[in-house]
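J.: Pasting coords_3.txt below, which is compact mmCIF, C-alpha atoms and all ligand atoms.
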# COMPACT_ATOMS: atom_id res chain seq x y z
CA MET A 1 0.00 0.00 0.00
CA SER A 2 1.20 3.54 -0.77
CA LYS A 3 2.71 5.28 2.26
CA ARG A 4 2.44 8.88 1.10
CA PHE A 5 0.12 9.84 3.95
CA LEU A 6 -0.12 9.07 7.64
CA LEU A 7 -3.10 6.76 7.43
CA ARG A 8 -3.78 4.08 10.03
CA ASP A 9 -1.98 0.79 9.33
CA ALA A 10 -5.17 -1.02 10.35
CA LEU A 11 -6.94 0.21 7.21
CA SER A 12 -5.34 -2.56 5.19
CA GLN A 13 -7.04 -5.08 7.52
CA PHE A 14 -10.59 -3.74 7.04
CA PRO A 15 -12.82 -6.26 5.31
CA PRO A 16 -14.36 -4.57 2.26
CA TYR A 17 -18.08 -3.80 2.21
CA VAL A 18 -19.34 -5.19 -1.09
CA PRO A 19 -22.69 -3.64 -2.01
CA GLY A 20 -25.29 -5.66 -3.92
CA LYS A 21 -24.59 -5.66 -7.66
CA PRO A 22 -26.97 -3.90 -10.03
CA PRO A 23 -28.57 -6.27 -12.55
CA ALA A 24 -26.88 -6.73 -15.91
CA GLY A 25 -28.47 -4.40 -18.46
CA ASP A 26 -27.63 -6.13 -21.73
CA THR A 27 -29.95 -9.16 -21.74
CA GLY A 28 -32.99 -7.50 -23.31
CA LEU A 29 -35.01 -8.60 -20.27
CA THR A 30 -36.49 -6.32 -17.61
CA PRO A 31 -33.70 -6.13 -15.02
CA TYR A 32 -34.36 -6.86 -11.33
CA LYS A 33 -32.15 -6.21 -8.32
CA LEU A 34 -32.57 -8.84 -5.63
CA SER A 35 -29.13 -8.25 -4.14
CA SER A 36 -29.62 -5.60 -1.42
CA ASN A 37 -32.73 -6.66 0.51
CA GLU A 38 -34.51 -3.53 -0.62
CA ASN A 39 -38.28 -3.20 -0.61
CA HIS A 40 -39.52 -3.68 -4.17
CA ARG A 41 -42.67 -1.68 -3.55
CA PRO A 42 -42.81 2.13 -3.39
CA PRO A 43 -43.29 3.86 -0.02
CA LEU A 44 -46.82 4.27 1.31
CA PRO A 45 -49.00 7.02 -0.15
CA GLY A 46 -48.15 10.46 1.22
CA VAL A 47 -44.53 9.64 2.03
CA THR A 48 -42.87 11.08 -1.07
CA GLU A 49 -45.15 14.14 -0.79
CA ALA A 50 -43.95 14.60 2.80
CA VAL A 51 -40.35 14.48 1.58
CA ALA A 52 -41.05 17.12 -1.08
CA GLU A 53 -42.73 19.36 1.47
CA ALA A 54 -39.91 18.97 4.03
CA THR A 55 -37.12 19.64 1.55
CA GLN A 56 -38.34 22.96 0.19
CA THR A 57 -35.52 24.82 1.93
CA PRO A 58 -32.46 22.70 1.31
CA ALA A 59 -30.22 25.57 2.40
CA ALA A 60 -31.36 25.09 5.99
CA TYR A 61 -30.00 22.40 8.28
CA PRO A 62 -32.59 19.93 9.54
CA ASP A 63 -33.78 19.78 13.15
CA PRO A 64 -30.66 18.23 14.75
CA LYS A 65 -32.73 16.43 17.37
CA SER A 66 -35.38 15.06 14.97
CA THR A 67 -37.80 16.28 17.64
CA GLY A 68 -41.04 15.33 15.91
CA LEU A 69 -39.82 11.92 14.80
CA VAL A 70 -38.41 11.11 18.25
CA ALA A 71 -41.72 12.05 19.90
CA ASP A 72 -43.65 9.91 17.40
CA LEU A 73 -41.29 6.96 17.85
CA ALA A 74 -41.44 7.21 21.65
CA ALA A 75 -45.24 7.20 21.52
CA TYR A 76 -45.33 4.30 19.06
CA LEU A 77 -42.80 2.24 21.03
CA ASP A 78 -44.15 3.31 24.41
CA VAL A 79 -40.69 4.33 25.63
CA ASP A 80 -39.27 7.60 26.94
CA PRO A 81 -38.05 10.02 24.21
CA ALA A 82 -34.71 9.99 26.04
CA GLU A 83 -34.42 6.31 25.04
CA VAL A 84 -34.79 6.94 21.28
CA VAL A 85 -31.79 7.86 19.11
CA PRO A 86 -32.40 8.55 15.41
CA GLY A 87 -29.61 8.06 12.91
CA ALA A 88 -28.84 7.84 9.21
CA GLY A 89 -30.05 4.27 8.99
CA ALA A 90 -29.49 1.46 11.46
CA SER A 91 -25.92 1.59 10.11
CA GLU A 92 -25.27 4.84 11.92
CA ILE A 93 -26.68 3.44 15.16
CA LEU A 94 -24.46 0.36 14.86
CA SER A 95 -21.48 2.55 14.08
CA ALA A 96 -22.25 4.75 17.08
CA LEU A 97 -22.57 1.69 19.30
CA THR A 98 -19.10 0.52 18.31
CA ASN A 99 -17.83 4.07 18.81
CA ILE A 100 -19.07 4.31 22.41
CA THR A 101 -17.84 0.86 23.43
CA LEU A 102 -14.81 -0.27 21.42
CA GLU A 103 -11.18 0.74 21.24
CA ALA A 104 -7.84 -1.03 21.08
CA GLY A 105 -7.61 -3.68 23.78
CA THR A 106 -11.35 -4.40 23.80
CA SER A 107 -13.27 -7.11 21.98
CA VAL A 108 -16.62 -7.47 20.23
CA VAL A 109 -18.49 -10.76 19.82
CA TYR A 110 -20.84 -11.34 16.91
CA PRO A 111 -22.30 -14.21 14.88
CA TRP A 112 -20.86 -15.04 11.47
CA PRO A 113 -21.94 -14.94 8.70
CA SER A 114 -24.07 -11.95 9.56
CA PHE A 115 -24.36 -8.31 8.50
CA GLU A 116 -21.15 -7.34 6.73
CA MET A 117 -20.80 -4.06 8.58
CA TYR A 118 -20.03 -5.78 11.91
CA PRO A 119 -16.41 -6.76 11.18
CA ILE A 120 -15.82 -3.49 9.34
CA LEU A 121 -17.01 -1.40 12.30
CA ALA A 122 -15.04 -3.54 14.73
CA ALA A 123 -11.90 -3.13 12.65
CA ALA A 124 -12.49 0.61 12.40
CA ARG A 125 -12.41 0.89 16.20
CA GLY A 126 -9.27 -1.23 16.53
CA ALA A 127 -11.11 -3.84 18.63
CA GLU A 128 -10.52 -7.56 18.55
CA LYS A 129 -13.11 -9.26 16.35
CA ARG A 130 -14.61 -12.43 17.80
CA ALA A 131 -16.77 -13.84 15.04
CA VAL A 132 -18.64 -16.91 16.23
CA PRO A 133 -19.71 -19.30 13.44
CA LEU A 134 -23.43 -19.88 13.07
CA LEU A 135 -24.90 -23.31 13.74
CA ALA A 136 -25.50 -25.56 10.73
CA ASP A 137 -29.11 -24.35 10.48
CA GLY A 138 -28.07 -20.70 10.17
CA ARG A 139 -28.97 -19.77 13.77
CA HIS A 140 -26.80 -17.95 16.30
CA ASP A 141 -24.58 -20.18 18.44
CA PHE A 142 -25.37 -18.59 21.79
CA ALA A 143 -23.26 -21.03 23.79
CA GLY A 144 -20.35 -20.32 21.47
CA MET A 145 -20.83 -16.57 21.84
CA LEU A 146 -21.00 -16.80 25.63
CA ALA A 147 -17.72 -18.69 25.59
CA GLN A 148 -16.11 -15.78 23.70
CA ILE A 149 -17.11 -13.10 26.22
CA ASP A 150 -14.40 -12.16 28.69
CA GLU A 151 -13.29 -9.09 30.63
CA THR A 152 -12.18 -7.35 27.41
CA THR A 153 -15.65 -7.66 25.80
CA ARG A 154 -17.54 -4.39 25.52
CA LEU A 155 -20.13 -5.22 22.90
CA VAL A 156 -22.10 -8.17 21.58
CA LEU A 157 -23.97 -7.90 18.29
CA LEU A 158 -27.00 -10.08 17.54
CA CYS A 159 -28.98 -10.03 14.31
CA SER A 160 -32.65 -11.01 14.22
CA PRO A 161 -33.64 -12.09 11.62
CA ASN A 162 -30.05 -12.86 10.71
CA ASN A 163 -28.78 -11.42 7.45
CA PRO A 164 -27.96 -13.41 5.33
CA THR A 165 -29.08 -16.81 6.66
CA GLY A 166 -32.63 -15.90 7.75
CA PRO A 167 -33.61 -17.31 11.16
CA SER A 168 -34.88 -15.03 13.93
CA VAL A 169 -33.43 -15.13 17.41
CA ARG A 170 -36.00 -16.80 19.65
CA THR A 171 -37.19 -15.42 22.99
CA GLU A 172 -35.88 -18.42 24.89
CA GLU A 173 -32.46 -18.14 23.25
CA LEU A 174 -32.13 -14.44 24.04
CA GLU A 175 -33.36 -14.80 27.61
CA GLY A 176 -30.94 -17.65 28.30
CA PHE A 177 -28.12 -15.58 26.80
CA MET A 178 -28.93 -12.34 28.61
CA ALA A 179 -29.04 -14.20 31.93
CA GLU A 180 -25.36 -15.09 31.44
CA VAL A 181 -23.96 -11.89 29.91
CA PRO A 182 -22.50 -9.44 32.44
CA GLU A 183 -25.03 -6.65 32.99
CA ASN A 184 -22.51 -3.94 32.10
CA VAL A 185 -21.76 -5.39 28.66
CA ILE A 186 -23.92 -3.87 25.93
CA VAL A 187 -25.79 -6.33 23.74
CA ALA A 188 -27.10 -4.86 20.48
CA LEU A 189 -30.05 -6.58 18.85
CA ASP A 190 -30.06 -5.61 15.18
CA GLU A 191 -33.72 -5.78 14.17
CA ALA A 192 -33.42 -4.35 10.65
CA TYR A 193 -35.90 -6.96 9.36
CA TRP A 194 -38.12 -7.54 12.42
CA GLU A 195 -41.34 -6.58 10.59
CA PHE A 196 -41.03 -9.56 8.23
CA ALA A 197 -40.64 -12.19 10.95
CA THR A 198 -43.51 -14.63 11.33
CA ASP A 199 -41.88 -17.19 13.65
CA ALA A 200 -44.20 -17.24 16.68
CA GLU A 201 -41.17 -17.73 18.90
CA ALA A 202 -39.19 -14.80 17.42
CA VAL A 203 -37.94 -12.46 20.09
CA ASP A 204 -39.92 -9.28 20.75
CA GLY A 205 -37.04 -6.84 20.99
CA LEU A 206 -39.03 -4.15 22.75
CA ALA A 207 -40.23 -6.51 25.46
CA ALA A 208 -36.67 -7.74 25.94
CA PHE A 209 -35.38 -4.15 26.08
CA ARG A 210 -37.74 -3.46 28.98
CA GLU A 211 -36.27 -6.40 30.90
CA HIS A 212 -32.61 -5.78 30.13
CA PRO A 213 -31.14 -2.25 30.38
CA ASN A 214 -27.96 -3.43 28.62
CA LEU A 215 -29.94 -4.48 25.52
CA VAL A 216 -29.97 -1.91 22.70
CA LEU A 217 -32.22 -2.21 19.65
CA ALA A 218 -31.12 -1.05 16.19
CA ARG A 219 -34.01 -0.56 13.77
CA THR A 220 -34.47 0.98 10.36
CA PHE A 221 -36.94 2.52 7.95
CA SER A 222 -34.87 1.08 5.06
CA LYS A 223 -36.53 -2.31 4.76
CA ALA A 224 -40.23 -2.77 5.61
CA HIS A 225 -40.90 0.97 5.27
CA GLY A 226 -39.08 1.06 1.94
CA LEU A 227 -37.02 4.19 2.67
CA ALA A 228 -33.46 2.87 2.19
CA GLY A 229 -32.53 5.76 -0.08
CA LEU A 230 -33.41 8.36 2.53
CA ARG A 231 -31.19 6.92 5.30
CA VAL A 232 -33.13 6.86 8.53
CA GLY A 233 -33.19 4.41 11.40
CA TYR A 234 -33.12 4.54 15.18
CA GLY A 235 -31.76 2.99 18.31
CA VAL A 236 -33.73 2.21 21.44
CA ALA A 237 -31.48 2.25 24.47
CA ASP A 238 -31.32 2.93 28.19
CA ALA A 239 -31.10 6.72 28.66
CA GLU A 240 -27.45 6.54 29.78
CA ILE A 241 -26.46 4.59 26.67
CA ALA A 242 -28.69 6.78 24.48
CA THR A 243 -26.94 9.90 25.77
CA ALA A 244 -23.59 8.40 24.82
CA LEU A 245 -24.90 7.45 21.38
CA ARG A 246 -26.08 11.01 20.76
CA GLN A 247 -22.55 12.23 21.56
CA VAL A 248 -21.12 10.38 18.57
CA VAL A 249 -23.93 10.37 15.99
CA ALA A 250 -23.05 12.97 13.35
CA PRO A 251 -25.00 16.20 13.87
CA PHE A 252 -27.79 16.68 11.31
CA SER A 253 -27.27 13.19 9.91
CA VAL A 254 -31.02 12.59 9.53
CA THR A 255 -32.14 15.01 6.83
CA ALA A 256 -35.42 16.91 6.97
CA GLY A 257 -36.79 14.75 4.16
CA ALA A 258 -35.82 11.57 5.99
CA GLN A 259 -37.38 12.78 9.24
CA ALA A 260 -40.63 13.69 7.48
CA ALA A 261 -40.78 10.45 5.51
CA ALA A 262 -40.13 8.32 8.57
CA ALA A 263 -42.77 10.15 10.61
CA LYS A 264 -45.31 9.79 7.82
CA SER A 265 -44.57 6.10 7.28
CA LEU A 266 -44.57 5.44 11.04
CA ALA A 267 -48.07 6.91 11.22
CA ARG A 268 -49.12 4.20 8.76
CA THR A 269 -47.31 1.34 10.45
CA ASP A 270 -50.38 -0.88 10.30
CA GLU A 271 -50.20 -0.79 6.49
CA VAL A 272 -46.43 -1.32 6.58
CA LEU A 273 -46.96 -4.45 8.66
CA VAL A 274 -49.63 -5.76 6.28
CA ARG A 275 -47.22 -5.31 3.38
CA ALA A 276 -44.43 -6.97 5.35
CA LYS A 277 -46.64 -9.99 5.94
CA GLU A 278 -47.38 -10.13 2.20
CA VAL A 279 -43.64 -10.21 1.55
CA ALA A 280 -43.35 -12.93 4.20
CA ALA A 281 -46.00 -15.05 2.46
CA THR A 282 -44.16 -14.73 -0.87
CA ARG A 283 -40.90 -15.57 0.91
CA ASP A 284 -42.34 -18.69 2.51
CA GLN A 285 -43.65 -19.96 -0.82
CA PHE A 286 -40.34 -19.19 -2.55
CA ALA A 287 -38.36 -20.95 0.20
CA ALA A 288 -40.69 -23.96 0.06
CA ASP A 289 -40.30 -24.20 -3.72
CA LEU A 290 -36.52 -24.15 -3.41
CA ARG A 291 -36.59 -26.79 -0.68
CA ASP A 292 -38.83 -28.94 -2.89
CA LEU A 293 -36.12 -28.74 -5.53
CA GLY A 294 -33.67 -30.12 -2.97
CA PHE A 295 -31.90 -26.92 -1.91
CA ASP A 296 -30.73 -26.30 1.63
CA VAL A 297 -32.73 -23.21 2.67
CA PRO A 298 -32.68 -22.30 6.37
CA ASP A 299 -35.73 -20.85 8.13
CA ALA A 300 -36.29 -17.52 6.33
CA GLN A 301 -37.67 -14.69 8.49
CA GLY A 302 -36.51 -11.56 6.68
CA ASN A 303 -37.32 -10.26 3.18
CA TYR A 304 -34.76 -12.63 1.67
CA VAL A 305 -33.94 -16.30 1.33
CA TRP A 306 -30.55 -17.95 1.81
CA ILE A 307 -29.56 -20.87 -0.39
CA ALA A 308 -26.59 -22.73 1.08
CA LEU A 309 -24.20 -23.71 -1.74
CA ASP A 310 -20.52 -24.39 -2.01
CA ASP A 311 -18.60 -21.42 -3.34
CA GLU A 312 -18.29 -22.74 -6.88
CA ALA A 313 -22.02 -23.51 -7.13
CA ALA A 314 -22.85 -20.13 -5.56
CA ALA A 315 -20.82 -18.33 -8.23
CA ALA A 316 -22.48 -20.36 -10.99
CA PHE A 317 -25.94 -19.70 -9.53
CA GLU A 318 -25.25 -15.96 -9.34
CA ASP A 319 -24.02 -15.94 -12.94
CA ALA A 320 -27.05 -17.91 -14.14
CA CYS A 321 -29.38 -15.39 -12.46
CA ALA A 322 -27.37 -12.50 -13.95
CA ALA A 323 -27.88 -14.03 -17.40
CA GLN A 324 -31.62 -13.69 -16.70
CA ALA A 325 -31.09 -10.01 -15.69
CA VAL A 326 -31.59 -10.77 -12.01
CA ALA A 327 -28.89 -9.60 -9.61
CA ILE A 328 -28.67 -11.74 -6.49
CA ARG A 329 -25.98 -11.79 -3.83
CA LYS A 330 -23.22 -14.36 -3.64
CA LEU A 331 -21.60 -14.54 -0.23
CA LYS A 332 -19.35 -17.13 1.36
CA GLY A 333 -21.27 -20.40 1.58
CA GLY A 334 -24.24 -19.55 -0.57
CA VAL A 335 -26.42 -16.97 -2.26
CA ARG A 336 -29.00 -14.60 -0.83
CA VAL A 337 -32.04 -13.70 -2.86
CA SER A 338 -34.14 -10.71 -1.79
CA ILE A 339 -37.89 -11.07 -2.16
CA GLY A 340 -38.97 -8.99 -5.13
CA ALA A 341 -41.41 -8.92 -8.02
CA ASP A 342 -43.04 -12.23 -8.98
CA GLU A 343 -41.40 -12.19 -12.42
CA ALA A 344 -37.95 -11.87 -10.86
CA LEU A 345 -38.55 -14.69 -8.39
CA ASP A 346 -39.92 -16.88 -11.18
CA ARG A 347 -36.68 -16.40 -13.10
CA VAL A 348 -34.70 -17.46 -10.03
CA ARG A 349 -37.01 -20.48 -9.63
CA ALA A 350 -36.26 -21.45 -13.25
CA VAL A 351 -32.52 -21.13 -12.63
CA ALA A 352 -32.88 -23.24 -9.49
CA ALA A 353 -34.85 -25.90 -11.38
CA ASP A 354 -32.10 -26.06 -14.01
CA PHE A 355 -29.50 -26.42 -11.28
CA ALA A 356 -31.45 -29.13 -9.54
CA ALA A 357 -31.75 -31.00 -12.84
CA GLY A 358 -27.99 -30.67 -13.30
CA ARG A 359 -28.39 -28.63 -16.48
C1 LIG N 401 -28.88 -6.76 9.41
C2 LIG N 401 -28.79 -5.35 8.92
N1 LIG N 401 -28.62 -4.38 9.81
C3 LIG N 401 -28.55 -3.11 9.43
C4 LIG N 401 -28.61 -2.75 8.11
C5 LIG N 401 -28.44 -1.31 7.75
O1 LIG N 401 -29.55 -0.75 7.26
P1 LIG N 401 -29.71 0.81 7.10
O2 LIG N 401 -28.43 1.46 7.45
O3 LIG N 401 -30.12 1.02 5.69
O4 LIG N 401 -30.78 1.16 8.07
C6 LIG N 401 -28.77 -3.72 7.13
C7 LIG N 401 -28.82 -3.36 5.70
O5 LIG N 401 -28.83 -4.15 4.83
C8 LIG N 401 -28.86 -5.06 7.55
O6 LIG N 401 -28.99 -6.05 6.66
The structure in this file should be written as structure tokens.

T.:
Amino acid sequence: MSKRFLLRDALSQFPPYVPGKPPAGDTGLTPYKLSSNENHRPPLPGVTEAVAEATQTPAAYPDPKSTGLVADLAAYLDVDPAEVVPGAGASEILSALTNITLEAGTSVVYPWPSFEMYPILAAARGAEKRAVPLLADGRHDFAGMLAQIDETTRLVLLCSPNNPTGPSVRTEELEGFMAEVPENVIVALDEAYWEFATDAEAVDGLAAFREHPNLVLARTFSKAHGLAGLRVGYGVADAEIATALRQVVAPFSVTAGAQAAAAKSLARTDEVLVRAKEVAATRDQFAADLRDLGFDVPDAQGNYVWIALDDEAAAAFEDACAAQAVAIRKLKGGVRVSIGADEALDRVRAVAADFAAGR
């Protein structure tokens, strides 16, 4: 690496964040992007109008405290406004959490494979990364994670439903885990996809937050609310932790348009949840079809399905989908397919059928 500038040596150790590929544009087919777990439907009525209204004076900074959105979220969640921290997506909340807990000499424990930002954020803070392999069925290995927690551990990251493999953390699993984790160690429950979960035993993050002051929730408007492009999410945390988070979240990071859109969409949460359940029904059918073809598909609880494949097969599957103008996501150990338009999923089904037939 060039040494012209005094950059941190650790930068060369950061795992790269690889965003979902756009679909190939040269097939003559309508292209579909099923590689970033985006919502394929537009935001609810009134949301884009709220953005237009709120962004009429782009020269002005937004409300730095997102006062209206925080009040609405606190009312919706039935928590104190002091426990709500808005940010530019759940990503900013996760980044802030690593910022208030990690430094050289500390460690962070997280499941793997999981959201790709976790090792990047850990590396950025100079902390030791303790990635604990998932169980064979794509679930968190809570016993394995407990075994990795020691006096250097400042943060544990959990992902429910887990991206990319799909299962939700279950109430019993979380309760058993929290009973063993030291009460001064912060446990973050990343609930980016909670609205899509239909597992009756899936953890209710809010209920768990009320029981465990060291549990912090990270949530987003990017997925079920369909506002990924606007960058807005929030943390729910004990007031002491929330105060620390606010110290490191970038000022004005949630734009006026994002605040307005989130507030408008939050007011229509009932409709968001209906749509999320529609996505879940499509997901369940898609997963069942793939399993019928003989693929190893773990319990899918987000707006995506994981197909476990060896790396060579995963690359071939991704290429075969790309040839049908569908971008999916190859990761280590398989491919992840976001739930999208029926036509796109049908093309992936056809690719899967060809694979299963050995064509
Ligand atoms: C598990 C998980 N957490 C957090 C995020 C970040 O979402 P955002 O920053 O858009 O809110 C993502 C995005 O894909 C995710 O998959």

J.: Can you tell me which residues sit at most 7 Å away from ligand LIG 401 (chain N), counting all atoms listed in the file, written as a VMD selection string?

T.: chain A and resid 36 to 37 88 to 92 115 159 162 to 163 190 to 192 219 to 222 228 231 to 233

J.: So that I can check the surroundings of A:Ala197, please list as an MDAnalysis selection string every protein, DNA and RNA residue that reaches within 7 Å of it, counting all atoms listed in the file and ignoring chain neighbours fewer than 2 positions away.

T.: chainID A and resid 194:195 199 301:302

J.: Kindly give the distance, in Å, that separates atom CA of A:Val348 and atom CA of A:Arg41, rounded to a single decimal.

T.: 18.8 Å

J.: Counting all atoms listed in the file, which of A:Ala52, A:Ala202, A:Leu34, A:Ala258 gets nearest to A:Ala327?

T.: A:Leu34

J.: Of the candidates A:Leu215, A:Ala287, A:Ala75, A:Ala59, which one gets nearest to A:Ala263 if we count only C-alpha atoms?

T.: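 Checking each candidate against A:Ala263, we get A:Ala75 as the closest.
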
J.: Only all heavy atoms, as a PDB file, in the first residue's frame: that is what I want for stretch 70-79 of chain A.

T.:
ATOM      1  N   VAL A  70     -38.710  11.764  16.962  1.00  0.00           N
ATOM      2  CA  VAL A  70     -38.413  11.113  18.245  1.00  0.00           C
ATOM      3  C   VAL A  70     -39.684  11.012  19.095  1.00  0.00           C
ATOM      4  O   VAL A  70     -39.967   9.962  19.701  1.00  0.00           O
ATOM      5  CB  VAL A  70     -37.303  11.877  19.010  1.00  0.00           C
ATOM      6  CG1 VAL A  70     -37.195  11.404  20.458  1.00  0.00           C
ATOM      7  CG2 VAL A  70     -35.963  11.694  18.299  1.00  0.00           C
ATOM      8  N   ALA A  71     -40.474  12.072  19.113  1.00  0.00           N
ATOM      9  CA  ALA A  71     -41.720  12.049  19.899  1.00  0.00           C
ATOM     10  C   ALA A  71     -42.661  10.972  19.343  1.00  0.00           C
ATOM     11  O   ALA A  71     -43.268  10.203  20.103  1.00  0.00           O
ATOM     12  CB  ALA A  71     -42.393  13.421  19.857  1.00  0.00           C
ATOM     13  N   ASP A  72     -42.761  10.914  18.017  1.00  0.00           N
ATOM     14  CA  ASP A  72     -43.646   9.911  17.400  1.00  0.00           C
ATOM     15  C   ASP A  72     -43.159   8.488  17.700  1.00  0.00           C
ATOM     16  O   ASP A  72     -43.949   7.589  17.994  1.00  0.00           O
ATOM     17  CB  ASP A  72     -43.702  10.095  15.878  1.00  0.00           C
ATOM     18  CG  ASP A  72     -44.422  11.380  15.492  1.00  0.00           C
ATOM     19  OD1 ASP A  72     -44.978  12.049  16.383  1.00  0.00           O
ATOM     20  OD2 ASP A  72     -44.403  11.711  14.290  1.00  0.00           O
ATOM     21  N   LEU A  73     -41.845   8.284  17.593  1.00  0.00           N
ATOM     22  CA  LEU A  73     -41.294   6.957  17.852  1.00  0.00           C
ATOM     23  C   LEU A  73     -41.510   6.557  19.310  1.00  0.00           C
ATOM     24  O   LEU A  73     -41.891   5.419  19.614  1.00  0.00           O
ATOM     25  CB  LEU A  73     -39.793   6.925  17.522  1.00  0.00           C
ATOM     26  CG  LEU A  73     -39.436   6.765  16.046  1.00  0.00           C
ATOM     27  CD1 LEU A  73     -37.963   7.068  15.807  1.00  0.00           C
ATOM     28  CD2 LEU A  73     -39.767   5.348  15.557  1.00  0.00           C
ATOM     29  N   ALA A  74     -41.274   7.514  20.219  1.00  0.00           N
ATOM     30  CA  ALA A  74     -41.436   7.210  21.646  1.00  0.00           C
ATOM     31  C   ALA A  74     -42.883   6.811  21.937  1.00  0.00           C
ATOM     32  O   ALA A  74     -43.135   5.844  22.669  1.00  0.00           O
ATOM     33  CB  ALA A  74     -41.022   8.412  22.488  1.00  0.00           C
ATOM     34  N   ALA A  75     -43.825   7.529  21.306  1.00  0.00           N
ATOM     35  CA  ALA A  75     -45.237   7.197  21.522  1.00  0.00           C
ATOM     36  C   ALA A  75     -45.547   5.826  20.929  1.00  0.00           C
ATOM     37  O   ALA A  75     -46.205   4.990  21.567  1.00  0.00           O
ATOM     38  CB  ALA A  75     -46.118   8.273  20.893  1.00  0.00           C
ATOM     39  N   TYR A  76     -45.069   5.578  19.729  1.00  0.00           N
ATOM     40  CA  TYR A  76     -45.329   4.296  19.064  1.00  0.00           C
ATOM     41  C   TYR A  76     -44.728   3.123  19.844  1.00  0.00           C
ATOM     42  O   TYR A  76     -45.345   2.061  19.996  1.00  0.00           O
ATOM     43  CB  TYR A  76     -44.781   4.345  17.632  1.00  0.00           C
ATOM     44  CG  TYR A  76     -44.670   3.004  16.969  1.00  0.00           C
ATOM     45  CD1 TYR A  76     -45.806   2.260  16.648  1.00  0.00           C
ATOM     46  CD2 TYR A  76     -43.417   2.459  16.676  1.00  0.00           C
ATOM     47  CE1 TYR A  76     -45.693   1.013  16.061  1.00  0.00           C
ATOM     48  CE2 TYR A  76     -43.298   1.220  16.091  1.00  0.00           C
ATOM     49  CZ  TYR A  76     -44.435   0.500  15.790  1.00  0.00           C
ATOM     50  OH  TYR A  76     -44.322  -0.745  15.222  1.00  0.00           O
ATOM     51  N   LEU A  77     -43.503   3.323  20.337  1.00  0.00           N
ATOM     52  CA  LEU A  77     -42.799   2.235  21.028  1.00  0.00           C
ATOM     53  C   LEU A  77     -43.162   2.151  22.508  1.00  0.00           C
ATOM     54  O   LEU A  77     -42.803   1.190  23.185  1.00  0.00           O
ATOM     55  CB  LEU A  77     -41.273   2.455  20.913  1.00  0.00           C
ATOM     56  CG  LEU A  77     -40.692   2.549  19.496  1.00  0.00           C
ATOM     57  CD1 LEU A  77     -39.285   3.132  19.531  1.00  0.00           C
ATOM     58  CD2 LEU A  77     -40.671   1.163  18.846  1.00  0.00           C
ATOM     59  N   ASP A  78     -43.832   3.198  22.990  1.00  0.00           N
ATOM     60  CA  ASP A  78     -44.150   3.315  24.413  1.00  0.00           C
ATOM     61  C   ASP A  78     -42.873   3.293  25.260  1.00  0.00           C
ATOM     62  O   ASP A  78     -42.734   2.519  26.211  1.00  0.00           O
ATOM     63  CB  ASP A  78     -45.119   2.196  24.836  1.00  0.00           C
ATOM     64  CG  ASP A  78     -45.715   2.479  26.205  1.00  0.00           C
ATOM     65  OD1 ASP A  78     -45.681   3.655  26.627  1.00  0.00           O
ATOM     66  OD2 ASP A  78     -46.195   1.529  26.861  1.00  0.00           O
ATOM     67  N   VAL A  79     -41.921   4.131  24.855  1.00  0.00           N
ATOM     68  CA  VAL A  79     -40.694   4.326  25.633  1.00  0.00           C
ATOM     69  C   VAL A  79     -40.514   5.827  25.855  1.00  0.00           C
ATOM     70  O   VAL A  79     -41.241   6.647  25.272  1.00  0.00           O
ATOM     71  CB  VAL A  79     -39.441   3.749  24.917  1.00  0.00           C
ATOM     72  CG1 VAL A  79     -39.594   2.247  24.669  1.00  0.00           C
ATOM     73  CG2 VAL A  79     -39.153   4.481  23.611  1.00  0.00           C
TER      74      VAL A  79
END
